[in-house]
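A.B. asks: Structure in structure tokens, see below.
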Amino acid sequence: MPHPFLKLPSSIYKRLFWFFLGMTMFATWILQRIDGALQTAAAPHGIVSYELAGNASVAGAIMASWNANAQLHAAFSLGFDYLYMLAYSVTLALTALWLADVHTGALRKLGVMLAWGMGAAGLADALENYFLWQMLVSGPAETPARLAQWAAMLKFTLILLTFIYVIVSLAAYRFVRKQSTSSSK
């Protein structure tokens, strides 16, 4: 199934890419600043430790390690992350489609699939945040901790696969381009 972004005119596509890339970079910078307050012995990776807690006991230990200020940072981080998930998912989808457009066959199909996957990553991130928020306001619980972990693992897997695709796709593009340049000499 063709991705809706493929129907965009080239000039709009490029502007969208640069806009969302800038938004992703800005949001990343903001979230990194916020995350410093969330890094404790129980949460060495800040909010990511909380995302991957997986059970009420670990989530509770993380939440207990945060003072009132850190809990406010966590709440802001979860809210601001909705902007971030839109930014990174669109940026990575546009990147995958941009690279898919220079390939044929399996690399092209994989790029389109991963662009759709970025939509799924954004949805998984939204679900994850919902479950993390529930625990933040109601206290740690097994079901939301487990569901948040599953959603986070799906999100991180899709993002990692897309990054790998981008690297492999760029390498393949450069290799083919180099081959065609040397054979035309």
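Within each chain, counting starts at residue 1; across the structure tokens, chains are named A, B, ... in the order shown, with ligands numbered 1 upward in that order.
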Taking 3 positions as the minimum chain separation for residues in the same chain, which residues sit within 10 Å of segment 34-47 of chain A when counting only C-alpha atoms? Answer as a list in words.
C.D. replies: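 My reading of the contact set: Thr28, Trp29, Ile30, Leu31, Tyr50, Glu51, Leu52, Ala53, Val58, Ala59, Gly60, Ala61, Ile62, Met63, Ala64, Ser65, Trp66, Asn67, Asn69, Ala70, Gln71, Leu72, His73, Ala74, Phe76, Ser77, Leu78 and Leu132 of chain A.
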A.B. asks: Run DSSP on the backbone of this structure and report the residues of chain A it assigns to alpha helix (DSSP H), as an MDAnalysis selection string.
C.D. replies: chainID A and resid 10:35 47:51 56:65 68:100 105:138 142:183
A.B. asks: My list of candidates is A:Gly111, A:Gly105, A:Gly79, A:Gly54. Which is closest to Ser169 of chain A when distances are computed with only C-alpha atoms?
C.D. replies: A:Gly111
A.B. asks: Near Tyr88 of chain A, counting only C-alpha atoms, which residues have an atom at most 10 Å away, once you skip same-chain residues fewer than 4 positions from it, shown as a list in words?
C.D. replies: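 So the residues in contact are Phe20, Leu21, Gly22, Met23, Thr24, Met25, Ala27, Thr28, Leu83, Tyr84, Leu92, Ala93, Leu94, Met118, Gly119, Ala121, Gly122 and Ile159 of chain A.
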A.B. asks: Please identify every residue of segment 29-134 of chain A that has at least one atom no farther than 12 Å from an atom of segment 4-11 of chain A, counting only C-alpha atoms, and for each give the shortest atom pair and the distance in Å to one decimal, arranged by chain then increasing number, as CSV.
C.D. replies:
```
residue,atom,partner,partner_atom,distance
A:Val90,CA,A:Phe5,CA,9.4
A:Thr91,CA,A:Phe5,CA,11.2
A:Leu92,CA,A:Phe5,CA,11.9
A:Ala93,CA,A:Phe5,CA,8.5
A:Leu94,CA,A:Phe5,CA,7.3
A:Thr95,CA,A:Phe5,CA,10.8
A:Ala96,CA,A:Phe5,CA,10.8
A:Leu97,CA,A:Leu6,CA,7.4
A:Trp98,CA,A:Leu6,CA,8.9
A:Leu99,CA,A:Leu6,CA,11.7
A:Ala100,CA,A:Leu6,CA,10.3
A:Asp101,CA,A:Leu6,CA,9.0
A:Gly111,CA,A:Leu6,CA,11.6
A:Val112,CA,A:Leu6,CA,9.2
A:Ala115,CA,A:Phe5,CA,9.2
A:Trp116,CA,A:Pro4,CA,9.5
A:Gly119,CA,A:Pro4,CA,11.5
```
A.B. asks: What is the distance, in Å and to one decimal place, between atom CA of Ala141 of chain A and atom CA of Asn129 of chain A?
C.D. replies: 14.4 Å
A.B. asks: For Ala171 of chain A, which of A:His103, A:Trp150, A:Leu123, A:Asn55 is the closest residue, counting only C-alpha atoms?
C.D. replies: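 Result for the nearest residue to Ala171 of chain A: A:His103.
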